[in-house]
Amino acid sequence: MDLSERIGAHLTEGGCFFRVWAPSAVGVEVLVQHGPRWSGRRRTRRFALQAEPQHEGYYSAVAPGVGEGELYRLLLHRNGGHEPLLRLDPAGRDSVHSGLPRAGSTSDNASIVVGEDPPGEPHEWAPFTTPRFEDFLIYQLHIGSFSGRDDHVRRDVAGFRDAATKFPYVRDLGFSAIQPLPVQEFAMDRSWGYNPASFFAPESAYGSPDDLRYMVDQAHRHGLAVIFDVVYNHAGPGDNVLWDFDREPAPGEESDGGCYFDWGQMTQWGRGPAWCKWEVQDFFYQNARMYFEDYKADGLRLDVTTQIPGGPLGQMVGRLKEDFPDKYLIAEHLPAHPWATTDGRFDATWHARTHHETQRALQHEDEPVRRIKPLLGWDGFAHAWNLVKYTGGSHDDVGDDRSGDAKDGLTNGDTRHRYLVDQLGGVQNWHARAKCRLAWALNVTMPCTPMLFMGTECLLGSPAVAWGYWHDGVDQRGDHRFSWRAAGSKHGKAMRRLVKAANRVRWENPALRSDSLQIVHEDHEQGVLAFVREAHESTVLVVVNLSDHSHVGTGREAYPYGVPTGGRRCQWMQVLCTQDAAFGGWDGAGNAYHDPWTQDDGLVWINLPKWSVVVLRKR
């Protein structure tokens with residue numbers, strides 16, 4: 001992308017190129033200072049930007065002598081004798097914090113000129129290739145609360161470099177990608193991140209752009225791709241750099257939000273950005289490019305895409321796919337619909353129904369097989385990896401921002417936000433732990449891109465986390481950050497062994513990453529479902545027992561189910577049983593001591609423990 005088309009501040013030979021869109025302004029100046037924070041007593045240099053004749057509403061110029069790390073603000077001049085507007089740069093790559101300066105205020109905040117490398121030491125990125133789309137296995141985490149509880153980090157809000165110290169843990173579990181919750185600047189220091197204040201700047205409580213580059217590089221050095229979560233459907237209610245950017249309402253008038261919001265559609269969080277304008281589309285396109293160019297991202301996940309007009313969104317995503325065809329673009333398009341990967345041009349969409357129906361099935365609601373079977377396929381989509389599925393829940397399902405009562409969860413169990421283990425009876429409940437093992441094994445063996453939210457891999461429910469939900473800090477129910485003590489507990493380690501083993505089975509069997517599915521058996525009365533996945537020489541049989549009854553024995557005393565084998569006898573080897581003793585079950589669970597055969601009648605006879613997933617590979 002040509003420098004003359006880029007918004008924000010960009011170092012160039014002899015100075016810094018500034019460009020901003022301010023269609024209601026009649027002139028724009030850049031104010032520049034040295035120092036860690038803005039001060040009214042410090043010398044300020046002023047540079048006038050020039051209106052671009054070829055792009056109406058844009059102002060740009062090179063400010064000579066402006067270097068990396070300097071602070072700057074924008075001064076927007078208006079018609080009619082109105083006072084100029086003092087603003088941060090909407091595309092500023094960094095800021096001191098999120099607070100907004102206004103005329104006459106004593107705010108010390110400012111945008112910061114950022115270079116491509118840390119000052120004085122060019123960053124040498126580790127060589128890394130974005131995985132093929134079928135090879136994404138995602139660990140979702142929240143930067144501010146992934147560290148800092150029961151570990152060496154002594155901060156209430158952890159940062160980018162703290163998260164990087166945990167990447168060996170994530171990689172050891174067998175994941176190939178991390179997906180942090182949003183990392184752009186938000187109001188105050190503690191948040192889930194879905195209240196953007198400044199879209200191009202990293203959250204100042206987490207660290208600097210250099211800290212974020214370090215985190216991504218460390219992820220790549222540990223074999224982990226990075227998918228950034230971005231919010232383009234709305235902005236936060238506080239410290240919003242875009243709201244009233246180029247104009248303010250007269251006293252007594254209601255604001256339309258200025259150039260970035262007027263004509264924008266209403267969302268459940270208020271007026272959304274005006275995606276009908278090309279300049280707004282381009283703002284978010286350039287923001288997405290920044291993650292790929294400046295931070296070497298491997299993908300993006302766009303929050304609540306149903307709250308963005310489809311036509312402009314598809315055009316913007318189309319531009320990204322043309323420029324970055326190997327990057328994995330995910331929509332949170334709920335309910336999942338093929339539009340996301342056709343007209344929307346995304347590679348994948350979240351599939352929230354997988355979690356909700358799995359939870360209901362494991363709570364022993366009516367006909368669990370009937371609930372699970374429809375989740376297995378990818379009807380209407382071209383590939384299995386077009387759907388990101390999460391049986392254990394995402395941050396939305398696990399997190400609670402109302403002290404245990406999100407969506408009236410204290411009185412409505414079906415909408416309650418908790419870790420899955422707590423929904424099913426708690427970490428001290430043997431059946432709850434068994435069902436959580438089943439859920440993840442099902443997740444990695446069904447056709448999809450699997451995703452797990454931090455803490456699910458170590459049964460992070462109560463009492464380790466008071467009231468069993470995730471939050472980014474302390475509320476009236478206790479401290480809900482990730483507990484590293486719980487990760488090292490007896491039950492936590494057993495669940496981690498299951499997650500690691502299940503992930504390894506996915507990597508060792510290409511069939512589990514293929515576009516293949518054949519449901520070969522369903523027994524609604526017994527609660528048993530079986531399916532086959534195939535790819536070239538790899539054939540895997542997955543059997544799920546969603547009941548309290550074990551089918552064990554020898555020969556025809558074991559539970560039978562039919563597998564189409566073309567009339568040929570073949571042998572199967574068990575590669576995973578979620579009831580194995582190492583995971584919290586018992587010695588010899590499933591078919592640990594024998595390799596079953598498909599008989600002449602097309603049936604294979606196996607041992608099938610209660611509440612389990614048994615995975616067998618064809619020899």
# chains A, B, ... in the order shown; residues from 1 in each chain; ligands from 1

$ residues_around --residues "segment 178-189 of chain A" --least-positions-apart "3" --cutoff "9 Å" --atoms "only C-alpha atoms" --output "NGL selection string"
:A and (94-95 or 97-99 or 137-144 or 157 or 167 or 170 or 175 or 192-206 or 212 or 219 or 224-231 or 236-240 or 299-301 or 395)

$ residues_around --residues "Val542 of chain A" --least-positions-apart "5" --cutoff "12 Å" --atoms "only C-alpha atoms" --output "short mmCIF file (atom, residue, chain, number, x, y, z; two decimals) with all heavy atoms, in the first residue's frame"
data_model
loop_
_atom_site.label_atom_id
_atom_site.label_comp_id
_atom_site.auth_asym_id
_atom_site.auth_seq_id
_atom_site.Cartn_x
_atom_site.Cartn_y
_atom_site.Cartn_z
N LEU A 376 -22.11 -32.40 13.91
CA LEU A 376 -20.92 -33.03 13.35
C LEU A 376 -20.55 -32.50 11.96
O LEU A 376 -19.37 -32.41 11.63
CB LEU A 376 -21.10 -34.55 13.28
CG LEU A 376 -21.35 -35.25 14.62
CD1 LEU A 376 -21.51 -36.74 14.39
CD2 LEU A 376 -20.22 -34.97 15.60
N LEU A 438 -14.94 -36.01 27.58
CA LEU A 438 -15.71 -36.39 26.39
C LEU A 438 -15.86 -35.19 25.46
O LEU A 438 -15.69 -35.30 24.24
CB LEU A 438 -17.07 -36.93 26.83
CG LEU A 438 -18.07 -37.43 25.77
CD1 LEU A 438 -19.10 -38.36 26.44
CD2 LEU A 438 -18.81 -36.31 25.06
N ALA A 441 -12.57 -34.33 23.52
CA ALA A 441 -12.25 -35.37 22.55
C ALA A 441 -13.21 -35.33 21.37
O ALA A 441 -12.81 -35.52 20.21
CB ALA A 441 -12.28 -36.74 23.21
N LEU A 442 -14.47 -35.05 21.63
CA LEU A 442 -15.44 -34.90 20.55
C LEU A 442 -15.09 -33.69 19.69
O LEU A 442 -15.16 -33.74 18.46
CB LEU A 442 -16.85 -34.74 21.12
CG LEU A 442 -17.98 -34.50 20.14
CD1 LEU A 442 -18.13 -35.68 19.18
CD2 LEU A 442 -19.30 -34.23 20.87
N ASN A 443 -14.66 -32.61 20.33
CA ASN A 443 -14.32 -31.39 19.61
C ASN A 443 -13.20 -31.60 18.60
O ASN A 443 -13.27 -31.13 17.46
CB ASN A 443 -13.92 -30.30 20.61
CG ASN A 443 -14.18 -28.89 20.11
OD1 ASN A 443 -14.40 -27.98 20.91
ND2 ASN A 443 -14.16 -28.67 18.82
N VAL A 444 -12.15 -32.33 18.99
CA VAL A 444 -11.00 -32.49 18.10
C VAL A 444 -11.20 -33.61 17.08
O VAL A 444 -10.44 -33.69 16.11
CB VAL A 444 -9.69 -32.75 18.88
CG1 VAL A 444 -9.35 -31.58 19.76
CG2 VAL A 444 -9.75 -34.04 19.68
N THR A 445 -12.23 -34.45 17.26
CA THR A 445 -12.46 -35.52 16.29
C THR A 445 -13.59 -35.21 15.33
O THR A 445 -13.67 -35.83 14.26
CB THR A 445 -12.76 -36.85 17.01
OG1 THR A 445 -13.86 -36.68 17.91
CG2 THR A 445 -11.54 -37.36 17.77
N MET A 446 -14.47 -34.26 15.66
CA MET A 446 -15.52 -33.88 14.71
C MET A 446 -14.94 -32.95 13.65
O MET A 446 -13.93 -32.28 13.86
CB MET A 446 -16.69 -33.20 15.44
CG MET A 446 -16.38 -31.83 15.98
SD MET A 446 -17.87 -30.88 16.47
CE MET A 446 -18.53 -31.88 17.79
N PRO A 447 -15.56 -32.87 12.48
CA PRO A 447 -15.08 -31.96 11.43
C PRO A 447 -15.25 -30.50 11.85
O PRO A 447 -16.36 -30.06 12.13
CB PRO A 447 -15.98 -32.29 10.23
CG PRO A 447 -16.51 -33.66 10.50
CD PRO A 447 -16.65 -33.74 12.00
N ALA A 502 -5.57 -35.98 23.20
CA ALA A 502 -6.57 -35.82 22.15
C ALA A 502 -6.02 -34.96 21.01
O ALA A 502 -6.23 -35.27 19.82
CB ALA A 502 -7.84 -35.18 22.73
N VAL A 505 -3.70 -37.02 18.90
CA VAL A 505 -4.44 -37.92 18.00
C VAL A 505 -4.88 -37.15 16.75
O VAL A 505 -4.83 -37.68 15.64
CB VAL A 505 -5.65 -38.54 18.73
CG1 VAL A 505 -6.61 -39.20 17.75
CG2 VAL A 505 -5.17 -39.56 19.75
N ARG A 506 -5.30 -35.92 16.93
CA ARG A 506 -5.69 -35.11 15.77
C ARG A 506 -4.51 -34.90 14.83
O ARG A 506 -4.64 -34.99 13.61
CB ARG A 506 -6.28 -33.78 16.22
CG ARG A 506 -6.80 -32.91 15.06
CD ARG A 506 -7.47 -31.65 15.56
NE ARG A 506 -7.89 -30.79 14.46
CZ ARG A 506 -9.06 -30.86 13.85
NH1 ARG A 506 -9.95 -31.76 14.25
NH2 ARG A 506 -9.37 -30.04 12.85
N ALA A 511 -6.97 -37.91 8.79
CA ALA A 511 -8.42 -38.03 8.59
C ALA A 511 -9.18 -37.04 9.45
O ALA A 511 -10.24 -36.54 9.05
CB ALA A 511 -8.87 -39.45 8.89
N LEU A 512 -8.66 -36.73 10.65
CA LEU A 512 -9.36 -35.85 11.57
C LEU A 512 -9.24 -34.39 11.17
O LEU A 512 -9.89 -33.53 11.78
CB LEU A 512 -8.84 -36.05 12.99
CG LEU A 512 -9.08 -37.45 13.58
CD1 LEU A 512 -8.50 -37.54 14.98
CD2 LEU A 512 -10.56 -37.79 13.59
N LEU A 517 -16.79 -37.19 6.62
CA LEU A 517 -17.65 -37.59 7.73
C LEU A 517 -18.64 -38.62 7.23
O LEU A 517 -19.33 -38.41 6.23
CB LEU A 517 -18.41 -36.39 8.31
CG LEU A 517 -19.45 -36.74 9.39
CD1 LEU A 517 -18.75 -37.21 10.67
CD2 LEU A 517 -20.37 -35.56 9.67
N GLN A 518 -18.69 -39.74 7.92
CA GLN A 518 -19.71 -40.75 7.64
C GLN A 518 -20.25 -41.23 8.98
O GLN A 518 -19.54 -41.87 9.76
CB GLN A 518 -19.14 -41.93 6.85
CG GLN A 518 -20.19 -42.97 6.46
CD GLN A 518 -19.61 -44.14 5.69
OE1 GLN A 518 -18.39 -44.24 5.54
NE2 GLN A 518 -20.46 -45.01 5.20
N ILE A 519 -21.49 -40.90 9.27
CA ILE A 519 -22.12 -41.37 10.50
C ILE A 519 -22.55 -42.81 10.27
O ILE A 519 -23.39 -43.10 9.41
CB ILE A 519 -23.31 -40.48 10.89
CG1 ILE A 519 -22.82 -39.05 11.16
CG2 ILE A 519 -24.03 -41.05 12.11
CD1 ILE A 519 -23.91 -38.05 11.44
N VAL A 520 -21.96 -43.74 11.00
CA VAL A 520 -22.17 -45.16 10.74
C VAL A 520 -23.08 -45.83 11.76
O VAL A 520 -23.49 -46.98 11.56
CB VAL A 520 -20.81 -45.90 10.69
CG1 VAL A 520 -19.98 -45.41 9.52
CG2 VAL A 520 -20.04 -45.74 12.00
N HIS A 521 -23.37 -45.13 12.85
CA HIS A 521 -24.22 -45.76 13.86
C HIS A 521 -24.81 -44.70 14.77
O HIS A 521 -24.12 -43.77 15.20
CB HIS A 521 -23.40 -46.75 14.70
CG HIS A 521 -24.21 -47.47 15.74
ND1 HIS A 521 -25.06 -48.50 15.45
CD2 HIS A 521 -24.28 -47.30 17.09
CE1 HIS A 521 -25.63 -48.95 16.55
NE2 HIS A 521 -25.16 -48.23 17.56
N GLU A 522 -26.09 -44.82 15.07
CA GLU A 522 -26.73 -43.96 16.07
C GLU A 522 -27.77 -44.78 16.81
O GLU A 522 -28.64 -45.41 16.20
CB GLU A 522 -27.34 -42.71 15.43
CG GLU A 522 -28.27 -42.96 14.27
CD GLU A 522 -28.78 -41.66 13.67
OE1 GLU A 522 -29.47 -40.90 14.39
OE2 GLU A 522 -28.50 -41.41 12.50
N VAL A 528 -25.62 -43.79 22.05
CA VAL A 528 -24.34 -44.04 21.39
C VAL A 528 -24.39 -43.51 19.96
O VAL A 528 -25.36 -43.69 19.24
CB VAL A 528 -24.01 -45.55 21.39
CG1 VAL A 528 -22.73 -45.82 20.61
CG2 VAL A 528 -23.89 -46.06 22.81
N LEU A 529 -23.29 -42.86 19.57
CA LEU A 529 -23.15 -42.29 18.23
C LEU A 529 -21.76 -42.61 17.72
O LEU A 529 -20.78 -42.51 18.47
CB LEU A 529 -23.35 -40.78 18.29
CG LEU A 529 -23.28 -39.98 16.99
CD1 LEU A 529 -24.42 -40.35 16.06
CD2 LEU A 529 -23.31 -38.48 17.30
N ALA A 530 -21.64 -43.05 16.46
CA ALA A 530 -20.33 -43.38 15.89
C ALA A 530 -20.21 -42.79 14.50
O ALA A 530 -21.17 -42.74 13.74
CB ALA A 530 -20.14 -44.90 15.83
N PHE A 531 -18.98 -42.32 14.19
CA PHE A 531 -18.73 -41.78 12.85
C PHE A 531 -17.32 -42.11 12.41
O PHE A 531 -16.43 -42.38 13.24
CB PHE A 531 -18.98 -40.27 12.79
CG PHE A 531 -18.22 -39.44 13.80
CD1 PHE A 531 -16.98 -38.90 13.49
CD2 PHE A 531 -18.77 -39.17 15.05
CE1 PHE A 531 -16.29 -38.12 14.40
CE2 PHE A 531 -18.08 -38.39 15.98
CZ PHE A 531 -16.85 -37.86 15.66
N VAL A 532 -17.12 -42.12 11.10
CA VAL A 532 -15.83 -42.44 10.50
C VAL A 532 -15.31 -41.22 9.76
O VAL A 532 -16.06 -40.50 9.09
CB VAL A 532 -15.96 -43.64 9.53
CG1 VAL A 532 -14.68 -43.82 8.71
CG2 VAL A 532 -16.26 -44.92 10.30
N ARG A 533 -14.01 -40.97 9.89
CA ARG A 533 -13.31 -39.91 9.15
C ARG A 533 -12.22 -40.59 8.32
O ARG A 533 -11.50 -41.46 8.82
CB ARG A 533 -12.67 -38.89 10.11
CG ARG A 533 -13.58 -38.30 11.18
CD ARG A 533 -14.48 -37.21 10.66
NE ARG A 533 -13.79 -36.18 9.94
CZ ARG A 533 -13.13 -35.15 10.50
NH1 ARG A 533 -13.06 -35.06 11.82
NH2 ARG A 533 -12.54 -34.24 9.75
N GLU A 534 -12.06 -40.17 7.06
CA GLU A 534 -11.08 -40.79 6.18
C GLU A 534 -10.32 -39.75 5.38
O GLU A 534 -10.87 -38.72 5.00
CB GLU A 534 -11.77 -41.75 5.20
CG GLU A 534 -12.43 -42.96 5.84
CD GLU A 534 -13.03 -43.89 4.81
OE1 GLU A 534 -14.12 -43.56 4.30
OE2 GLU A 534 -12.42 -44.94 4.52
N TYR A 561 -21.65 -52.45 16.96
CA TYR A 561 -22.15 -51.45 16.04
C TYR A 561 -21.53 -51.72 14.67
O TYR A 561 -20.45 -52.27 14.56
CB TYR A 561 -21.85 -50.02 16.52
CG TYR A 561 -20.40 -49.69 16.59
CD1 TYR A 561 -19.76 -49.08 15.52
CD2 TYR A 561 -19.66 -50.00 17.73
CE1 TYR A 561 -18.41 -48.78 15.59
CE2 TYR A 561 -18.32 -49.71 17.79
CZ TYR A 561 -17.70 -49.10 16.74
OH TYR A 561 -16.39 -48.80 16.81
N VAL A 563 -19.86 -51.12 11.00
CA VAL A 563 -18.96 -50.24 10.27
C VAL A 563 -18.88 -50.74 8.83
O VAL A 563 -18.58 -51.91 8.60
CB VAL A 563 -17.55 -50.27 10.89
CG1 VAL A 563 -16.61 -49.39 10.08
CG2 VAL A 563 -17.59 -49.82 12.33
N TRP A 572 -8.61 -52.85 14.06
CA TRP A 572 -8.62 -51.49 14.58
C TRP A 572 -7.75 -51.40 15.84
O TRP A 572 -7.72 -52.35 16.64
CB TRP A 572 -10.04 -51.04 14.93
CG TRP A 572 -10.97 -51.03 13.75
CD1 TRP A 572 -11.68 -52.10 13.26
CD2 TRP A 572 -11.25 -49.94 12.90
NE1 TRP A 572 -12.41 -51.73 12.16
CE2 TRP A 572 -12.18 -50.39 11.92
CE3 TRP A 572 -10.85 -48.60 12.86
CZ2 TRP A 572 -12.67 -49.56 10.92
CZ3 TRP A 572 -11.36 -47.77 11.88
CH2 TRP A 572 -12.26 -48.25 10.92
N MET A 573 -7.10 -50.28 16.03
CA MET A 573 -6.28 -50.04 17.21
C MET A 573 -6.81 -48.82 17.95
O MET A 573 -6.99 -47.75 17.35
CB MET A 573 -4.82 -49.80 16.81
CG MET A 573 -3.90 -49.52 18.00
SD MET A 573 -2.16 -49.29 17.53
CE MET A 573 -2.27 -47.75 16.61
N GLN A 574 -7.07 -48.96 19.24
CA GLN A 574 -7.53 -47.84 20.04
C GLN A 574 -6.40 -46.83 20.22
O GLN A 574 -5.32 -47.16 20.69
CB GLN A 574 -8.02 -48.32 21.41
CG GLN A 574 -8.49 -47.20 22.31
CD GLN A 574 -9.09 -47.72 23.60
OE1 GLN A 574 -10.20 -48.26 23.59
NE2 GLN A 574 -8.39 -47.58 24.71
N VAL A 575 -6.64 -45.57 19.84
CA VAL A 575 -5.64 -44.52 20.01
C VAL A 575 -6.04 -43.51 21.08
O VAL A 575 -5.22 -42.68 21.47
CB VAL A 575 -5.37 -43.81 18.67
CG1 VAL A 575 -4.70 -44.76 17.69
CG2 VAL A 575 -6.64 -43.23 18.07
N LEU A 576 -7.28 -43.58 21.54
CA LEU A 576 -7.71 -42.70 22.62
C LEU A 576 -8.97 -43.27 23.26
O LEU A 576 -9.89 -43.68 22.57
CB LEU A 576 -8.01 -41.29 22.11
CG LEU A 576 -8.42 -40.26 23.17
CD1 LEU A 576 -7.23 -39.89 24.06
CD2 LEU A 576 -9.01 -39.00 22.55
N CYS A 577 -8.97 -43.29 24.58
CA CYS A 577 -10.18 -43.57 25.35
C CYS A 577 -10.20 -42.56 26.49
O CYS A 577 -9.28 -42.52 27.32
CB CYS A 577 -10.21 -44.99 25.90
SG CYS A 577 -11.63 -45.32 26.98
N THR A 578 -11.23 -41.74 26.55
CA THR A 578 -11.25 -40.66 27.53
C THR A 578 -11.43 -41.15 28.96
O THR A 578 -11.27 -40.36 29.90
CB THR A 578 -12.37 -39.65 27.19
OG1 THR A 578 -13.64 -40.33 27.21
CG2 THR A 578 -12.15 -39.03 25.83
N ILE A 606 -16.61 -53.80 20.44
CA ILE A 606 -15.67 -53.07 21.28
C ILE A 606 -16.22 -52.92 22.69
O ILE A 606 -17.41 -53.12 22.95
CB ILE A 606 -15.34 -51.67 20.73
CG1 ILE A 606 -16.55 -50.75 20.85
CG2 ILE A 606 -14.83 -51.74 19.30
CD1 ILE A 606 -16.24 -49.30 20.61
N LEU A 608 -17.03 -50.19 25.49
CA LEU A 608 -17.39 -48.78 25.41
C LEU A 608 -17.77 -48.27 26.79
O LEU A 608 -18.89 -48.50 27.27
CB LEU A 608 -18.55 -48.60 24.42
CG LEU A 608 -18.98 -47.17 24.09
CD1 LEU A 608 -17.82 -46.36 23.55
CD2 LEU A 608 -20.13 -47.19 23.09
N SER A 612 -17.98 -41.49 27.45
CA SER A 612 -16.64 -41.57 26.89
C SER A 612 -16.65 -41.32 25.40
O SER A 612 -17.68 -41.40 24.73
CB SER A 612 -16.02 -42.95 27.16
OG SER A 612 -16.67 -43.94 26.36
N VAL A 613 -15.47 -41.01 24.91
CA VAL A 613 -15.17 -41.05 23.48
C VAL A 613 -14.06 -42.07 23.30
O VAL A 613 -13.02 -41.99 23.97
CB VAL A 613 -14.73 -39.67 22.95
CG1 VAL A 613 -14.17 -39.80 21.52
CG2 VAL A 613 -15.87 -38.68 22.96
N VAL A 614 -14.30 -43.03 22.43
CA VAL A 614 -13.29 -44.02 22.07
C VAL A 614 -12.91 -43.79 20.61
O VAL A 614 -13.78 -43.71 19.74
CB VAL A 614 -13.80 -45.46 22.27
CG1 VAL A 614 -12.82 -46.47 21.70
CG2 VAL A 614 -14.06 -45.74 23.75
N VAL A 615 -11.62 -43.62 20.35
CA VAL A 615 -11.12 -43.37 19.00
C VAL A 615 -10.25 -44.55 18.58
O VAL A 615 -9.32 -44.92 19.31
CB VAL A 615 -10.31 -42.06 18.92
CG1 VAL A 615 -9.88 -41.78 17.48
CG2 VAL A 615 -11.10 -40.90 19.49
N LEU A 616 -10.59 -45.15 17.42
CA LEU A 616 -9.84 -46.28 16.90
C LEU A 616 -9.33 -45.95 15.51
O LEU A 616 -10.04 -45.33 14.71
CB LEU A 616 -10.70 -47.54 16.85
CG LEU A 616 -11.29 -47.98 18.19
CD1 LEU A 616 -12.79 -47.75 18.19
CD2 LEU A 616 -10.96 -49.43 18.47
N ARG A 617 -8.10 -46.35 15.24
CA ARG A 617 -7.48 -46.14 13.93
C ARG A 617 -7.41 -47.48 13.19
O ARG A 617 -7.01 -48.50 13.76
CB ARG A 617 -6.08 -45.56 14.10
CG ARG A 617 -5.37 -45.30 12.77
CD ARG A 617 -4.07 -44.54 12.99
NE ARG A 617 -3.14 -45.30 13.81
CZ ARG A 617 -2.30 -44.75 14.68
NH1 ARG A 617 -2.31 -43.45 14.88
NH2 ARG A 617 -1.46 -45.50 15.37
N LYS A 618 -7.77 -47.45 11.93
CA LYS A 618 -7.72 -48.66 11.11
C LYS A 618 -6.26 -49.00 10.81
O LYS A 618 -5.48 -48.16 10.37
CB LYS A 618 -8.47 -48.43 9.80
CG LYS A 618 -8.59 -49.64 8.91
CD LYS A 618 -9.43 -49.30 7.68
CE LYS A 618 -9.57 -50.49 6.75
NZ LYS A 618 -10.38 -50.13 5.55
#

$ closest_residue --among "A:Arg154, A:Lys493, A:Arg161, A:Gln307" --to "Met266 of chain A" --atoms "only C-alpha atoms"
A:Gln307

$ residues_around --residues "segment 377-382 of chain A" --least-positions-apart "2" --cutoff "6 Å" --atoms "only C-alpha atoms" --output "list in words"
Pro338, Leu375 and Ala384 of chain A

$ closest_residue --among "A:Gly404, A:Gly455, A:Pro168, A:Pro463" --to "His220 of chain A" --atoms "only C-alpha atoms"
A:Pro168

$ residues_around --residues "Ser483 of chain A" --least-positions-apart "4" --cutoff "8 Å" --atoms "only C-alpha atoms" --output "compact mmCIF listing (two decimals) with N, CA, C and O atoms, in the first residue's frame"
# COMPACT_ATOMS: atom_id res chain seq x y z
N ARG A 149 -1.94 -14.79 38.66
CA ARG A 149 -2.54 -15.48 39.80
C ARG A 149 -1.83 -16.81 40.02
O ARG A 149 -1.78 -17.65 39.12
N ASP A 150 -1.25 -16.97 41.19
CA ASP A 150 -0.56 -18.20 41.56
C ASP A 150 0.65 -18.47 40.66
O ASP A 150 0.95 -19.63 40.35
N GLY A 455 -8.28 -22.32 30.60
CA GLY A 455 -8.82 -22.84 31.85
C GLY A 455 -9.67 -24.07 31.65
O GLY A 455 -9.78 -24.89 32.56
N LEU A 460 -10.93 -25.53 35.22
CA LEU A 460 -10.84 -24.33 36.05
C LEU A 460 -12.24 -23.87 36.48
O LEU A 460 -12.72 -22.81 36.09
N ALA A 464 -11.55 -23.77 42.60
CA ALA A 464 -10.35 -23.06 42.18
C ALA A 464 -10.70 -21.65 41.72
O ALA A 464 -9.98 -20.68 42.00
N VAL A 465 -11.79 -21.51 40.99
CA VAL A 465 -12.32 -20.21 40.63
C VAL A 465 -13.68 -20.09 41.31
O VAL A 465 -14.59 -20.86 41.04
N ALA A 487 -4.13 -25.32 37.59
CA ALA A 487 -3.56 -26.03 36.44
C ALA A 487 -2.64 -27.15 36.89
O ALA A 487 -2.48 -28.16 36.19

$ residues_around --residues "segment 348-361 of chain A" --least-positions-apart "3" --cutoff "9 Å" --atoms "only C-alpha atoms" --output "ChimeraX atom specification"
/A:301,328-338,340-341,345,364-372,375-376,385-394,397,414,420,423-424,439,443,449,546

$ select_by_dssp --residues "segment 101-237 of chain A" --states "strand (DSSP E or B)" --output "list in words"
Ser111, Ile112, Ile138, Tyr139, Gln140, Leu141, Ala177, Ile178, Gln179, Pro180, Gln184, Glu185, Phe186, Pro196, Ala197, Ser198, Phe199, Phe200, Ala201, Pro202, Ala225, Val226, Ile227, Phe228, Asp229 and Val230 of chain A

$ atom_distance --atom1 "atom CA of Val317 of chain A" --atom2 "atom CA of Arg289 of chain A"
10.8 Å
